[in-house]
$ cat entry.tsv   # TSV, C-alpha atoms and all ligand atoms
chain	number	residue	atom	x	y	z
A	1	MET	CA	-10.23	37.17	-10.51
A	2	SER	CA	-8.75	36.46	-7.05
A	3	PHE	CA	-6.65	33.94	-5.10
A	4	LEU	CA	-7.80	32.52	-1.75
A	5	TYR	CA	-5.42	30.95	0.79
A	6	LYS	CA	-6.75	28.67	3.55
A	7	ALA	CA	-3.93	27.12	5.57
A	8	ASP	CA	-1.32	27.98	8.20
A	9	PRO	CA	-1.83	31.76	8.80
A	10	VAL	CA	1.84	32.45	9.61
A	11	ARG	CA	2.98	31.16	6.24
A	12	GLY	CA	-0.14	32.83	4.78
A	13	ALA	CA	1.26	36.22	5.77
A	14	GLU	CA	4.38	35.38	3.77
A	15	TRP	CA	2.24	34.32	0.79
A	16	THR	CA	0.46	37.69	0.99
A	17	ARG	CA	3.76	39.57	0.83
A	18	LEU	CA	5.05	37.38	-2.02
A	19	PHE	CA	1.85	37.73	-4.07
A	20	ALA	CA	1.95	41.53	-3.59
A	21	ALA	CA	5.52	41.57	-4.92
A	22	LYS	CA	5.29	38.96	-7.68
A	23	ALA	CA	1.66	39.11	-8.83
A	24	PRO	CA	0.19	42.48	-7.80
A	25	ASP	CA	-2.57	42.04	-10.40
A	26	ILE	CA	-4.05	39.03	-8.52
A	27	PRO	CA	-6.08	40.08	-5.43
A	28	PHE	CA	-5.04	37.78	-2.54
A	29	HIS	CA	-7.23	36.83	0.44
A	30	ILE	CA	-6.63	34.78	3.55
A	31	TRP	CA	-9.51	32.65	4.83
A	32	PRO	CA	-12.02	33.37	6.36
A	33	GLU	CA	-11.88	36.69	4.47
A	34	THR	CA	-12.69	35.67	0.86
A	35	GLY	CA	-13.61	38.88	-0.95
A	36	SER	CA	-16.32	38.29	-3.54
A	37	ALA	CA	-16.81	34.49	-3.68
A	38	ASP	CA	-17.67	34.74	-7.38
A	39	ASP	CA	-14.22	36.22	-8.04
A	40	VAL	CA	-12.28	33.35	-6.48
A	41	ARG	CA	-10.54	31.53	-9.35
A	42	TYR	CA	-7.72	29.89	-7.39
A	43	LEU	CA	-7.78	28.29	-3.96
A	44	ALA	CA	-4.78	27.00	-1.99
A	45	ALA	CA	-5.67	25.00	1.13
A	46	TRP	CA	-4.46	22.18	3.39
A	47	VAL	CA	-8.13	21.17	3.65
A	48	PRO	CA	-10.66	22.88	1.34
A	49	PRO	CA	-14.05	24.09	2.63
A	50	GLN	CA	-16.73	21.39	2.39
A	51	ASP	CA	-19.11	23.38	0.21
A	52	ILE	CA	-16.39	24.40	-2.23
A	53	ALA	CA	-18.47	24.03	-5.43
A	54	GLN	CA	-21.45	26.05	-4.15
A	55	ARG	CA	-19.35	28.63	-2.39
A	56	PHE	CA	-16.85	29.32	-5.22
A	57	PRO	CA	-18.70	28.63	-8.48
A	58	ASN	CA	-15.94	30.06	-10.69
A	59	LEU	CA	-13.00	28.17	-9.17
A	60	GLU	CA	-10.52	27.05	-11.85
A	61	LEU	CA	-7.66	25.45	-9.88
A	62	PHE	CA	-7.29	23.93	-6.44
A	63	PHE	CA	-3.80	23.82	-4.90
A	64	SER	CA	-3.06	21.51	-1.97
A	65	THR	CA	-0.64	23.39	0.28
A	66	GLY	CA	0.93	20.01	1.07
A	67	ALA	CA	2.81	17.57	-1.13
A	68	GLY	CA	0.30	14.95	0.05
A	69	ILE	CA	-3.43	15.19	-0.66
A	70	ASP	CA	-4.93	12.53	1.62
A	71	GLN	CA	-5.87	15.13	4.27
A	72	PHE	CA	-9.03	15.92	2.29
A	73	ASP	CA	-11.59	13.87	0.38
A	74	LEU	CA	-10.63	14.06	-3.28
A	75	ALA	CA	-14.00	12.63	-4.31
A	76	ALA	CA	-15.83	15.52	-2.60
A	77	LEU	CA	-14.24	18.07	-4.96
A	78	PRO	CA	-15.97	18.94	-8.25
A	79	PRO	CA	-14.85	16.21	-10.69
A	80	GLU	CA	-13.58	18.61	-13.34
A	81	LEU	CA	-11.59	20.80	-10.91
A	82	PRO	CA	-7.81	20.29	-11.42
A	83	VAL	CA	-6.07	19.46	-8.12
A	84	VAL	CA	-2.42	20.43	-7.93
A	85	ARG	CA	-0.12	19.33	-5.11
A	86	MET	CA	2.87	21.21	-3.76
A	87	ALA	CA	5.84	19.24	-5.08
A	88	GLU	CA	7.94	22.39	-4.77
A	89	PRO	CA	11.72	22.64	-4.24
A	90	GLY	CA	11.44	23.79	-0.61
A	91	VAL	CA	9.43	20.77	0.54
A	92	VAL	CA	11.79	18.49	-1.38
A	93	ALA	CA	14.88	20.01	0.24
A	94	GLY	CA	13.35	19.69	3.72
A	95	MET	CA	12.54	16.02	3.16
A	96	VAL	CA	16.04	15.29	1.86
A	97	GLU	CA	17.47	16.82	5.06
A	98	TYR	CA	15.14	14.92	7.38
A	99	ALA	CA	15.34	11.53	5.68
A	100	THR	CA	19.14	11.75	5.50
A	101	MET	CA	19.29	12.72	9.18
A	102	ALA	CA	16.98	9.81	10.10
A	103	VAL	CA	18.88	7.23	8.03
A	104	LEU	CA	22.17	8.40	9.54
A	105	ALA	CA	20.64	8.35	13.04
A	106	LEU	CA	19.64	4.70	12.60
A	107	HIS	CA	22.85	3.79	10.80
A	108	ARG	CA	24.88	5.24	13.71
A	109	ASP	CA	22.63	3.77	16.48
A	110	LEU	CA	21.44	7.14	17.78
A	111	PRO	CA	18.28	5.82	19.55
A	112	THR	CA	20.51	3.41	21.53
A	113	TYR	CA	22.99	6.14	22.47
A	114	ILE	CA	20.23	8.57	23.51
A	115	TRP	CA	18.81	5.86	25.76
A	116	GLN	CA	22.25	4.96	27.13
A	117	GLN	CA	22.95	8.62	27.94
A	118	ARG	CA	19.75	8.76	30.00
A	119	GLN	CA	20.97	5.70	31.92
A	120	ALA	CA	24.51	7.19	32.34
A	121	ASN	CA	25.73	4.13	30.46
A	122	TRP	CA	28.99	4.56	28.49
A	123	ALA	CA	28.92	1.58	26.10
A	124	ALA	CA	30.36	1.57	22.59
A	125	HIS	CA	28.93	-0.57	19.79
A	126	ARG	CA	30.56	-1.65	16.58
A	127	VAL	CA	30.50	0.97	13.79
A	128	HIS	CA	29.51	-0.45	10.42
A	129	PRO	CA	30.43	1.30	7.14
A	130	ALA	CA	27.67	2.82	5.02
A	131	SER	CA	28.66	0.45	2.21
A	132	LYS	CA	27.34	-2.43	4.35
A	133	ARG	CA	23.99	-0.78	5.25
A	134	ARG	CA	21.33	-1.37	2.62
A	135	VAL	CA	18.77	1.44	2.45
A	136	SER	CA	15.48	1.02	0.56
A	137	VAL	CA	12.83	3.62	-0.15
A	138	LEU	CA	9.13	2.86	-0.57
A	139	GLY	CA	7.92	5.41	-3.14
A	140	LEU	CA	10.08	6.62	-6.01
A	141	GLY	CA	8.31	9.91	-6.59
A	142	VAL	CA	9.55	13.47	-6.32
A	143	LEU	CA	10.59	13.01	-2.68
A	144	GLY	CA	11.80	9.40	-2.80
A	145	CYS	CA	14.09	10.10	-5.76
A	146	ALA	CA	15.52	13.26	-4.18
A	147	VAL	CA	16.25	11.37	-0.95
A	148	LEU	CA	17.95	8.55	-2.87
A	149	ASN	CA	20.13	11.07	-4.73
A	150	GLN	CA	21.42	12.39	-1.41
A	151	LEU	CA	21.87	8.94	0.17
A	152	ARG	CA	23.90	7.85	-2.87
A	153	THR	CA	26.58	10.42	-1.97
A	154	LEU	CA	26.99	8.72	1.43
A	155	GLY	CA	27.78	5.33	-0.04
A	156	PHE	CA	24.75	3.27	1.05
A	157	PRO	CA	23.68	0.42	-1.27
A	158	LEU	CA	20.25	1.61	-2.45
A	159	ALA	CA	16.94	0.11	-3.56
A	160	GLY	CA	13.49	1.54	-4.21
A	161	TRP	CA	9.93	0.42	-4.82
A	162	SER	CA	7.15	1.99	-6.88
A	163	ARG	CA	3.83	1.05	-8.46
A	164	THR	CA	5.11	1.28	-12.03
A	165	ARG	CA	8.62	0.32	-13.14
A	166	ARG	CA	11.30	3.02	-12.66
A	167	GLU	CA	14.94	3.14	-13.66
A	168	ILE	CA	17.26	5.13	-11.42
A	169	GLU	CA	21.01	5.01	-11.75
A	170	GLY	CA	22.65	3.25	-8.82
A	171	VAL	CA	19.31	2.11	-7.34
A	172	ALA	CA	17.95	-1.45	-7.54
A	173	CYS	CA	14.36	-0.73	-8.59
A	174	TYR	CA	11.40	-2.97	-7.72
A	175	ALA	CA	7.81	-2.51	-8.88
A	176	GLY	CA	4.43	-3.74	-7.72
A	177	GLN	CA	3.25	-5.87	-4.83
A	178	ALA	CA	4.82	-9.06	-6.16
A	179	GLU	CA	8.35	-7.62	-6.07
A	180	LEU	CA	8.13	-6.00	-2.64
A	181	PRO	CA	9.25	-9.01	-0.52
A	182	ALA	CA	12.41	-9.40	-2.61
A	183	MET	CA	13.42	-5.84	-1.83
A	184	LEU	CA	12.54	-6.11	1.85
A	185	THR	CA	14.66	-9.21	2.43
A	186	SER	CA	17.74	-7.21	1.43
A	187	THR	CA	16.96	-4.02	3.36
A	188	ASP	CA	18.59	-2.80	6.57
A	189	ILE	CA	16.93	0.61	6.76
A	190	LEU	CA	13.50	1.07	5.17
A	191	VAL	CA	12.23	4.58	4.39
A	192	CYS	CA	8.51	5.04	3.72
A	193	LEU	CA	7.78	7.89	1.32
A	194	LEU	CA	4.53	6.63	-0.17
A	195	PRO	CA	1.34	8.63	-0.63
A	196	LEU	CA	-1.61	7.39	1.41
A	197	THR	CA	-4.06	5.61	-0.90
A	198	GLN	CA	-6.41	2.63	-0.60
A	199	GLU	CA	-3.53	0.40	-1.72
A	200	THR	CA	-0.91	1.77	0.68
A	201	ARG	CA	-3.04	2.20	3.85
A	202	GLY	CA	-1.67	-0.09	6.56
A	203	ILE	CA	1.23	-1.27	4.41
A	204	LEU	CA	3.74	-1.05	7.28
A	205	ASP	CA	2.35	-4.04	9.16
A	206	SER	CA	3.66	-7.20	10.82
A	207	THR	CA	3.76	-9.09	7.50
A	208	LEU	CA	5.97	-6.42	5.94
A	209	PHE	CA	8.20	-6.28	9.01
A	210	GLN	CA	8.67	-10.07	8.90
A	211	HIS	CA	10.11	-9.79	5.40
A	212	LEU	CA	12.85	-7.48	6.70
A	213	PRO	CA	15.96	-9.12	8.12
A	214	ARG	CA	16.32	-9.25	11.91
A	215	GLY	CA	17.81	-5.97	13.17
A	216	ALA	CA	16.42	-3.80	10.36
A	217	SER	CA	14.99	-0.37	11.12
A	218	LEU	CA	12.35	2.03	9.82
A	219	VAL	CA	12.12	5.69	8.84
A	220	HIS	CA	8.46	6.62	8.51
A	221	VAL	CA	7.80	9.95	6.81
A	222	GLY	CA	4.82	9.04	4.61
A	223	ARG	CA	1.49	9.22	6.40
A	224	GLY	CA	0.39	7.97	9.81
A	225	ALA	CA	-2.18	5.52	8.44
A	226	HIS	CA	0.52	3.60	6.55
A	227	LEU	CA	1.73	2.23	9.87
A	228	ASP	CA	0.24	-0.35	12.21
A	229	HIS	CA	1.47	1.17	15.48
A	230	GLN	CA	1.10	-2.01	17.52
A	231	ALA	CA	2.95	-4.05	14.90
A	232	LEU	CA	5.89	-1.65	15.15
A	233	VAL	CA	5.95	-1.82	18.94
A	234	ASP	CA	5.72	-5.64	18.82
A	235	ALA	CA	8.55	-5.90	16.27
A	236	LEU	CA	10.76	-3.60	18.38
A	237	GLU	CA	9.99	-5.41	21.64
A	238	ALA	CA	10.71	-8.77	20.00
A	239	GLY	CA	14.06	-7.41	18.82
A	240	TRP	CA	13.07	-8.09	15.22
A	241	LEU	CA	13.39	-4.40	14.37
A	242	SER	CA	16.16	-2.43	16.07
A	243	GLY	CA	14.82	1.11	15.85
A	244	ALA	CA	12.51	3.56	14.13
A	245	VAL	CA	12.32	7.24	13.32
A	246	VAL	CA	8.64	8.17	13.09
A	247	ASP	CA	7.44	11.58	11.89
A	248	VAL	CA	3.81	10.78	11.05
A	249	THR	CA	1.21	8.98	13.15
A	250	ASP	CA	-2.50	8.27	13.16
A	251	PRO	CA	-3.92	10.14	14.97
A	252	GLU	CA	-1.87	13.31	15.10
A	253	PRO	CA	-1.09	14.34	17.75
A	254	LEU	CA	-0.66	11.01	19.52
A	255	PRO	CA	-2.77	10.62	22.68
A	256	ALA	CA	-1.11	10.82	26.10
A	257	GLY	CA	0.28	7.46	27.16
A	258	HIS	CA	0.78	6.15	23.61
A	259	PRO	CA	3.73	3.72	23.58
A	260	PHE	CA	5.64	5.77	20.96
A	261	TRP	CA	6.13	8.74	23.33
A	262	ALA	CA	8.63	7.06	25.61
A	263	HIS	CA	9.79	4.07	23.60
A	264	PRO	CA	13.58	3.78	23.84
A	265	LYS	CA	13.89	2.53	20.26
A	266	ILE	CA	11.71	5.20	18.65
A	267	LEU	CA	12.71	8.75	17.75
A	268	LEU	CA	9.43	10.64	17.33
A	269	THR	CA	8.87	14.03	15.66
A	270	PRO	CA	5.53	15.85	15.21
A	271	HIS	CA	5.05	15.71	11.42
A	272	ILE	CA	7.81	18.20	10.69
A	273	ALA	CA	9.95	16.15	8.30
A	274	SER	CA	9.28	18.79	5.71
A	275	MET	CA	7.09	21.82	5.10
A	276	THR	CA	6.04	23.80	2.06
A	277	GLN	CA	8.19	26.92	1.85
A	278	PRO	CA	6.28	30.09	0.88
A	279	GLU	CA	8.95	31.53	-1.44
A	280	THR	CA	9.25	28.45	-3.68
A	281	ALA	CA	5.58	27.47	-3.27
A	282	VAL	CA	4.35	30.84	-4.54
A	283	GLU	CA	6.74	30.62	-7.50
A	284	LEU	CA	5.32	27.20	-8.40
A	285	VAL	CA	1.73	28.40	-7.93
A	286	LEU	CA	2.28	31.42	-10.18
A	287	ASP	CA	4.01	29.25	-12.78
A	288	ASN	CA	1.03	26.87	-12.70
A	289	ILE	CA	-1.45	29.74	-13.06
A	290	ARG	CA	0.51	30.92	-16.09
A	291	ARG	CA	0.54	27.35	-17.45
A	292	HIS	CA	-3.20	27.01	-16.84
A	293	GLU	CA	-3.90	30.24	-18.72
A	294	ALA	CA	-1.65	29.13	-21.60
A	295	GLY	CA	-3.22	25.64	-21.71
A	296	GLU	CA	0.11	24.00	-20.79
A	297	PRO	CA	0.54	20.93	-18.52
A	298	LEU	CA	0.43	21.72	-14.77
A	299	ILE	CA	3.32	20.77	-12.48
A	300	GLY	CA	2.13	18.47	-9.67
A	301	LEU	CA	-1.30	17.76	-11.19
A	302	VAL	CA	-2.95	14.96	-9.19
A	303	ASP	CA	-4.15	11.93	-11.11
A	304	ARG	CA	-7.51	11.33	-9.52
A	305	THR	CA	-7.78	7.76	-10.76
A	306	ARG	CA	-4.51	6.84	-8.96
A	307	GLY	CA	-5.40	8.91	-5.89
A	308	TYR	CA	-2.00	10.68	-5.74
A	401	LIG	P1	4.82	11.27	-5.65
A	401	LIG	O1	3.40	11.23	-6.05
A	401	LIG	O2	5.78	12.08	-6.44
A	401	LIG	O3	5.40	9.77	-5.62
A	401	LIG	C1	4.72	8.71	-5.04
A	401	LIG	C2	5.51	7.43	-5.26
A	401	LIG	O4	4.84	6.37	-4.56
A	401	LIG	C3	5.59	7.02	-6.73
A	401	LIG	O5	6.85	6.47	-7.01
A	401	LIG	C4	4.50	5.95	-6.83
A	401	LIG	O6	4.70	4.98	-7.84
A	401	LIG	C5	4.63	5.29	-5.48
A	401	LIG	N1	3.40	4.58	-5.16
A	401	LIG	C6	2.13	5.07	-5.03
A	401	LIG	N2	1.27	4.08	-4.79
A	401	LIG	C7	2.00	2.93	-4.76
A	401	LIG	C8	1.68	1.56	-4.59
A	401	LIG	N3	0.41	1.15	-4.39
A	401	LIG	N4	2.67	0.65	-4.66
A	401	LIG	C9	3.95	1.03	-4.89
A	401	LIG	N5	4.34	2.33	-5.06
A	401	LIG	C10	3.35	3.26	-5.01
A	401	LIG	O7	4.85	11.71	-4.11
A	401	LIG	P2	5.98	12.53	-3.34
A	401	LIG	O8	7.27	11.82	-3.49
A	401	LIG	O9	5.93	13.96	-3.70
A	401	LIG	O10	5.41	12.44	-1.83
A	401	LIG	C11	5.22	11.19	-1.20
A	401	LIG	C12	4.50	11.38	0.12
A	401	LIG	O11	5.35	11.95	1.11
A	401	LIG	C13	3.31	12.33	0.14
A	401	LIG	O12	2.18	11.79	-0.47
A	401	LIG	C14	3.11	12.53	1.62
A	401	LIG	O13	2.31	11.49	2.12
A	401	LIG	C15	4.53	12.38	2.18
A	401	LIG	N6	5.03	13.66	2.70
A	401	LIG	C16	5.35	13.73	4.04
A	401	LIG	C17	5.84	14.90	4.57
A	401	LIG	C18	6.21	14.97	6.00
A	401	LIG	O14	6.52	16.06	6.49
A	401	LIG	N7	6.23	13.87	6.73
A	401	LIG	C19	6.02	16.10	3.75
A	401	LIG	C20	5.68	15.90	2.37
A	401	LIG	C21	5.19	14.72	1.88
A	401	LIG	P3	4.79	5.40	-9.39
A	401	LIG	O15	6.18	6.00	-9.54
A	401	LIG	O16	4.65	4.13	-10.10
A	401	LIG	O17	3.69	6.39	-9.64
A	402	LIG	C1	2.91	17.53	3.06
A	402	LIG	C2	3.17	17.42	4.50
A	402	LIG	O1	2.24	16.65	2.50
A	402	LIG	O2	3.61	18.42	5.11
A	402	LIG	O3	3.37	18.50	2.44
A	402	LIG	O4	2.98	16.36	5.08

$ encode --input "entry.tsv" --output "structure tokens"
Amino acid sequence: MSFLYKADPVRGAEWTRLFAAKAPDIPFHIWPETGSADDVRYLAAWVPPQDIAQRFPNLELFFSTGAGIDQFDLAALPPELPVVRMAEPGVVAGMVEYATMAVLALHRDLPTYIWQQRQANWAAHRVHPASKRRVSVLGLGVLGCAVLNQLRTLGFPLAGWSRTRREIEGVACYAGQAELPAMLTSTDILVCLLPLTQETRGILDSTLFQHLPRGASLVHVGRGAHLDHQALVDALEAGWLSGAVVDVTDPEPLPAGHPFWAHPKILLTPHIASMTQPETAVELVLDNIRRHEAGEPLIGLVDRTRGY
């Protein structure tokens, strides 16, 4: 029985050390070194190998090294293979930091001040209290809820949207497509923390932006393909949206000359909002292996019918 890791090799070295300390009985390999393919019971990967079923016939669990799973084709994996995503405390903490930073940056007009500094322009704008800035989160999952918990402490009026109905203290909750416009019309800063599925692809488009009030802004930390890039640029140029913090794009990296690179109203980061942390990820993986062996429910098990 062995564990195979196929993702970022730097973090892989940390996984190796952690497995040696915490699970010395499980032989650990880093791709492309696999040991005996018949022995591989567990595979952790950002993108699994294409011939996974033929290559590893005794695989029992597949772990996505990301919290998201859209980077690979779920349908290409053996149908009975459990797929577990990395909803681990480290990735959650990183997203809470980034989303809070981004909301505060938009709340306090940072894109404008960065641009003004470049122009040597000393111009002050009115400061609005957090209690007057309505923040809404698309996606009330592990990450969306953690972000809302942090934003609550800062005094923003909060709302959130999910597929099925949720109840979260201090958050106006909306569910399903029909209720989305009602939330958007009372949103000043919109945070996208949705998984990428057939239903959510392209959701951040001109129609959605038109439902937001004039002057609203966007934090995009979901997946690049949620966002219609041109629609964002158009909404910013028209002054309909006032700013955006964008961490994920399609494609990644953006090509040279793409309008996001130099846009004065966009703060762009290269998909670093959050990252799986080896220490906490390995703890979750080992807990899930134990759960699997004991026939207990797995933490972060992907529901293949929902696609997330
Ligand atoms: P979860 O699966 O825990 O939560 C997903 C949420 O989205 C749920 O509330 C779900 O609704 C909602 N949702 C899904 N589909 C729809 C839909 N069609 N309409 C309305 N709501 C929908 O995911 P996480 O919170 O763990 O992660 C969210 C995403 O964040 C990841 O999939 C990934 O894309 C992104 N991410 C980005 C990172 C970055 O660095 N930029 C890092 C990590 C993750 P319901 O509650 O009803 O199921
Ligand atoms: C993830 C990511 O899904 O880093 O974990 O985007």

$ residues_near_ligand --input "entry.tsv" --ligand "ligand LIG 401 (chain A)" --cutoff "7 Å" --atoms "all atoms listed in the file" --output "PyMOL selection string"
chain A and resi 66-69+87+91+95+138-144+161-166+175-177+193-197+199-200+221-223+247-248+271-275+308

$ residues_around --input "entry.tsv" --residues "His220 (chain A)" --least-positions-apart "4" --cutoff "6 Å" --atoms "only C-alpha atoms" --output "PyMOL selection string"
chain A and resi 191-192+246

$ residues_near_point --input "entry.tsv" --point "(21.9, 5.1, -7.8)" --cutoff "8 Å" --atoms "only C-alpha atoms" --output "list in words"
Leu148, Asn149, Arg152, Leu158, Ile168, Glu169, Gly170, Val171 and Ala172 of chain A

$ write_last_selection --input "entry.tsv" --atoms "C-alpha atoms" --output "PDB file, in the frame of the given file"
ATOM      1  CA  LEU A 148      17.950   8.550  -2.870  1.00  0.00           C
ATOM      2  CA  ASN A 149      20.130  11.070  -4.730  1.00  0.00           C
ATOM      3  CA  ARG A 152      23.900   7.850  -2.870  1.00  0.00           C
ATOM      4  CA  LEU A 158      20.250   1.610  -2.450  1.00  0.00           C
ATOM      5  CA  ILE A 168      17.260   5.130 -11.420  1.00  0.00           C
ATOM      6  CA  GLU A 169      21.010   5.010 -11.750  1.00  0.00           C
ATOM      7  CA  GLY A 170      22.650   3.250  -8.820  1.00  0.00           C
ATOM      8  CA  VAL A 171      19.310   2.110  -7.340  1.00  0.00           C
ATOM      9  CA  ALA A 172      17.950  -1.450  -7.540  1.00  0.00           C
TER      10      ALA A 172
END

$ closest_residue --input "entry.tsv" --among "A:Ala244, A:Ala45, A:Ile299, A:Leu106" --to "ligand LIG 402 (chain A)" --atoms "only C-alpha atoms and all ligand atoms"
A:Ala45

$ residues_around --input "entry.tsv" --residues "Ala262 (chain A)" --least-positions-apart "4" --cutoff "12 Å" --atoms "only C-alpha atoms" --output "VMD selection string"
chain A and resid 111 114 to 115 233 254 256 to 258 266 to 268

$ atom_distance --input "entry.tsv" --atom1 "CA of Ala21 (chain A)" --atom2 "CA of Pro9 (chain A)"
18.4 Å

$ residues_around --input "entry.tsv" --residues "Ile289 (chain A)" --least-positions-apart "6" --cutoff "10 Å" --atoms "all atoms listed in the file" --output "PyMOL selection string"
chain A and resi 41-42+60-61+283+295-296+298

$ axis_aligned_box --input "entry.tsv" --around "ligand LIG 402 (chain A)" --padding-each-side "4 Å" --output "JSON"
{"center_x": 2.9, "center_y": 17.4, "center_z": 3.8, "size_x": 9.4, "size_y": 10.1, "size_z": 10.7}

$ closest_residue --input "entry.tsv" --among "A:Leu110, A:Val10, A:Leu59, A:Leu241" --to "Ile189 (chain A)" --atoms "all atoms listed in the file"
A:Leu241

$ atom_distance --input "entry.tsv" --atom1 "CA of Ala93 (chain A)" --atom2 "CA of Asp303 (chain A)"
23.6 Å

$ closest_residue --input "entry.tsv" --among "A:Gly307, A:Gly224, A:Pro27, A:Gly12" --to "ligand LIG 402 (chain A)" --atoms "all atoms listed in the file"
A:Gly224

$ atom_distance --input "entry.tsv" --atom1 "CA of Pro48 (chain A)" --atom2 "CA of Asp70 (chain A)"
11.8 Å

$ residues_around --input "entry.tsv" --residues "region 203-213 of chain A" --least-positions-apart "4" --cutoff "6 Å" --atoms "all atoms listed in the file" --output "PyMOL selection string"
chain A and resi 184-185+226-228+231

$ closest_residue --input "entry.tsv" --among "A:Cys173, A:Ala99, A:Val137, A:Met86" --to "ligand LIG 402 (chain A)" --atoms "only C-alpha atoms and all ligand atoms"
A:Met86

$ decode --input "entry.tsv" --residues "region 83-126 of chain A" --atoms "C-alpha atoms" --output "tab-separated table (two decimals), in the first residue's frame"
chain	number	residue	atom	x	y	z
A	83	VAL	CA	-12.76	12.16	-5.09
A	84	VAL	CA	-11.85	14.25	-2.06
A	85	ARG	CA	-11.04	17.96	-2.26
A	86	MET	CA	-8.72	19.89	0.01
A	87	ALA	CA	-11.08	21.95	2.17
A	88	GLU	CA	-8.36	22.10	4.81
A	89	PRO	CA	-7.83	24.80	7.47
A	90	GLY	CA	-4.73	26.28	5.78
A	91	VAL	CA	-6.48	27.01	2.47
A	92	VAL	CA	-9.45	28.44	4.37
A	93	ALA	CA	-7.24	30.77	6.44
A	94	GLY	CA	-5.43	31.99	3.31
A	95	MET	CA	-8.71	32.78	1.56
A	96	VAL	CA	-10.06	34.63	4.60
A	97	GLU	CA	-6.92	36.81	4.57
A	98	TYR	CA	-7.06	37.52	0.84
A	99	ALA	CA	-10.80	38.16	0.56
A	100	THR	CA	-10.71	40.46	3.60
A	101	MET	CA	-7.74	42.34	2.14
A	102	ALA	CA	-9.53	42.67	-1.22
A	103	VAL	CA	-12.83	43.85	0.29
A	104	LEU	CA	-10.98	46.39	2.42
A	105	ALA	CA	-8.93	47.52	-0.60
A	106	LEU	CA	-12.12	48.24	-2.55
A	107	HIS	CA	-13.92	49.68	0.46
A	108	ARG	CA	-11.01	52.12	1.00
A	109	ASP	CA	-10.55	52.96	-2.74
A	110	LEU	CA	-7.07	51.44	-3.00
A	111	PRO	CA	-7.08	51.01	-6.83
A	112	THR	CA	-7.83	54.76	-7.15
A	113	TYR	CA	-5.06	55.73	-4.71
A	114	ILE	CA	-2.50	53.44	-6.39
A	115	TRP	CA	-3.34	55.08	-9.71
A	116	GLN	CA	-3.22	58.57	-8.21
A	117	GLN	CA	0.20	57.88	-6.67
A	118	ARG	CA	1.53	56.94	-10.12
A	119	GLN	CA	0.22	60.27	-11.42
A	120	ALA	CA	1.68	62.19	-8.40
A	121	ASN	CA	-1.89	63.25	-7.69
A	122	TRP	CA	-2.71	64.02	-4.03
A	123	ALA	CA	-6.53	63.88	-3.97
A	124	ALA	CA	-8.63	62.73	-1.04
A	125	HIS	CA	-12.02	61.06	-1.46
A	126	ARG	CA	-14.80	60.69	1.05
